[in-house]
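Undergrad: Mind looking over this structure? Questions follow.
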Amino acid sequence: MPEWERADSSRVPFAVYTDQQLHQRELERFFYKAHWCYVGLEVEIPQPGDFKRTAVGERSVVMVRDSDGQIQVFENVCAHRGMQFCRERHGNRKEFVCPYHQWSYTLRGDLQGVPFRRGVRQGGKVNGGMPADFDPKQHGLTRLKVAARGGVVFASFDHEVESLEDFMGPAVLLYFDRLFNGRQLTLLGYNRQRIPGNWKLMQENIKDPYHPGLLHSWFVIFGLWRADNASELKMDSHGRHAAMVSTRGASGKADQVTQVSSFKESMVLNDARFLDIVPEPWWNGPTAVMTTLFPSVIFQQQVNSVSTRHIQPAGHGEFDFVWTHFGFADDTPEMTQRRLRQANLFGPAGFVSADDGEVIEFSQSGFVQKPQHRTLVELGGRDVADTDHMVTETLIRGMYDYWRKVMA
């Protein structure tokens, strides 16, 4: 373990982001044990046989709806020679067949077929075949424990993991249920990006209310996320999950933002539809809620745009970031278009100015350049507590308090 400057978590060693051995330990302790990880939305696999190839940590998994309509998640590794048998991202199958030697599996991951299992008859005798004690029931795919709530699907390699509700905790569950309130979801589309930085940096980024009104010009100019907006920061009891809650104020001048270099009072839109914001009853006030579930997912509501953001590590120095944009079955066609249009504000080609992925890449480069240094996470003090303002890094400190406890 790297050495921390202080007993608290206000100064994070750069090695936390660059050490490959630490990364392997993180995968085992956060992604493969005692944690629920996001795998997708039920609406992505509406019919029996529908599947989605996704990931838990660095392990490829398949989410599929079986013939009984139940959702199964199993590892994308053939029990025979270890091949990742599923290559398509989405599709429909009656069974899964490994192309290498054509071992076949049911939609529940059970082994159902082994070519030449009983050998081949040649010249009056049987040659080859599997041993007499070979039992197909012992050679199915590795199945994960599955939990679904509000149309969102989670999975865990750890079958002794606590309930999904206990994992989230009541404070964060409140905001999860606000967004996923039982209405039927509709799938609108995907974005994918490979970010050359440590996966934890994206969790940090969405636990960091300090940067949006500084880095993202759109947010501060048009009042979507500013330091002077009414806001709250909420954590679960472990400090691992969080919700950043903001209510849009007036755009234009304010004492708190006129000195911010990204504030451009004269900036106007050529197409006002991008800020055609319509309040929805389920908001119950907040116009933006960014919910982070450690370690794998972010749930975004930014005005009328709603999406999930799935973190898939690929080594200690990069990760895939998969956005799933969705709506609700009772949306009008106009609301669907509004959600799609506002989705253009975010992501690697979004309008919000510099993308989070870009600053994460530059941060990772700095960590590699100066390996014995540390980050400073002291805005708002060094304690860890919920707040009613944004000028703090308390959520990041809370996450690393938890990280240190599990990793020690």
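We name chains A, B, ... following the order of the structure tokens; residues begin at 1 in each chain, and ligands are numbered from 1 as shown.
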Within segment 174-400 of chain A, find each residue whose DSSP state, derived from the backbone, is strand (DSSP E or B), and express the selection as a VMD selection string.

TA: chain A and resid 185 to 195 230 to 235 242 to 247 288 to 293 297 to 302 305 to 313 319 to 328 374 to 376 387

Undergrad: Excluding Val73 of chain A and its own-chain neighbours fewer than 4 positions away, which residues fall within 6 Å of it when counting only C-alpha atoms? Please give them as a VMD selection string.

TA: chain A and resid 62 to 63 144

Undergrad: Mind giving me the straight-line distance from atom CA of Ser307 of chain A to atom CA of Leu188 of chain A in Å, one decimal?

TA: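 Pair atom CA of Ser307 of chain A / atom CA of Leu188 of chain A returns 9.3 Å.
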
Undergrad: Which polymer residues have any atom within 8 Å of an atom of Met235 of chain A, counting only C-alpha atoms, with same-chain residues fewer than 5 positions away left out, as a PyMOL selection string?

TA: chain A and resi 171-172+240-243+385-386+395

Undergrad: Could you list, as a list in words, every residue within 12 Å of Asp401 of chain A, counting only C-alpha atoms and ignoring same-chain residues fewer than 5 positions away?

TA: Trp4, Arg6, Ala7, Asp8, Ser9, Ser10, Arg11, Val12, Ser237, His238, Gly239, Arg240, His241, Arg382, Asp383, Val384, Ala385, Thr394, Leu395, Ile396, Val406, Met407 and Ala408 of chain A

Undergrad: Export, as a short mmCIF file (atom, residue, chain, number, x, y, z; two decimals), in the first residue's frame, the selected residues with C-alpha atoms.

TA:
data_model
loop_
_atom_site.label_atom_id
_atom_site.label_comp_id
_atom_site.auth_asym_id
_atom_site.auth_seq_id
_atom_site.Cartn_x
_atom_site.Cartn_y
_atom_site.Cartn_z
CA TRP A 4 -0.58 8.50 2.93
CA ARG A 6 -2.21 12.23 6.69
CA ALA A 7 -4.34 9.91 8.76
CA ASP A 8 -7.38 11.24 6.90
CA SER A 9 -7.98 10.88 3.15
CA SER A 10 -7.44 14.50 2.12
CA ARG A 11 -4.18 13.77 0.28
CA VAL A 12 -4.28 10.85 -2.14
CA SER A 237 -23.02 5.36 5.63
CA HIS A 238 -19.77 3.97 4.19
CA GLY A 239 -18.95 7.03 2.05
CA ARG A 240 -18.69 4.85 -1.05
CA HIS A 241 -21.88 5.94 -2.86
CA ARG A 382 -10.73 17.50 5.75
CA ASP A 383 -13.81 15.90 7.27
CA VAL A 384 -16.37 13.65 5.60
CA ALA A 385 -20.00 14.70 5.90
CA THR A 394 -16.06 15.77 0.90
CA LEU A 395 -17.48 13.02 -1.32
CA ILE A 396 -14.02 12.17 -2.68
CA VAL A 406 -11.31 -2.30 2.21
CA MET A 407 -7.82 -2.30 0.71
CA ALA A 408 -5.81 -2.18 3.95
#

Undergrad: List every residue of segment 149-221 of chain A that has an atom at most 7 Å from any atom of segment 17-38 of chain A, giving for each one its closest atom pair and the distance in Å to one decimal, counting only C-alpha atoms, sorted by chain and then by ascending residue number, as CSV.

TA:
residue,atom,partner,partner_atom,distance
A:Val153,CA,A:Tyr38,CA,6.2
A:Phe154,CA,A:Tyr38,CA,4.4
A:Ala155,CA,A:Cys37,CA,5.5
A:Ser156,CA,A:Trp36,CA,5.2
A:Phe157,CA,A:Tyr32,CA,5.4
A:Asp158,CA,A:Lys33,CA,5.1
A:Val161,CA,A:Ala34,CA,4.8
A:Leu164,CA,A:Trp36,CA,6.9
A:Asn198,CA,A:Tyr17,CA,5.6

Undergrad: Have a look at A:Arg338, A:Val16, A:Ile195, A:Ser246 and name the one nearest to Phe326 of chain A; count only C-alpha atoms.

TA: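 The answer is A:Arg338, which sits nearest to Phe326 of chain A.
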
Undergrad: Which residues, written as a tab-separated table (two decimals) with C-alpha atoms, in the first residue's frame, have at least one atom at most 8 Å from Asp320 of chain A, with only C-alpha atoms counted and residues fewer than 6 positions away on the same chain left out?

TA:
chain	number	residue	atom	x	y	z
A	192	ARG	CA	-18.81	4.54	-25.83
A	193	GLN	CA	-15.40	6.01	-25.13
A	194	ARG	CA	-12.03	4.62	-24.04
A	195	ILE	CA	-10.49	6.97	-21.46
A	310	HIS	CA	-20.92	2.21	-16.89
A	311	ILE	CA	-17.25	2.09	-15.79
A	312	GLN	CA	-15.33	-0.91	-17.19
A	313	PRO	CA	-11.63	-0.96	-16.14
A	314	ALA	CA	-9.02	-2.06	-18.66

Undergrad: Mind checking DSSP for segment 130-379 of chain A and telling me the helix (DSSP H, G or I) residues as a PyMOL selection string?

TA: chain A and resi 136-138+164-168+170-179+200-205+212-215+217-221+272-275+281-283+333-343+356-369
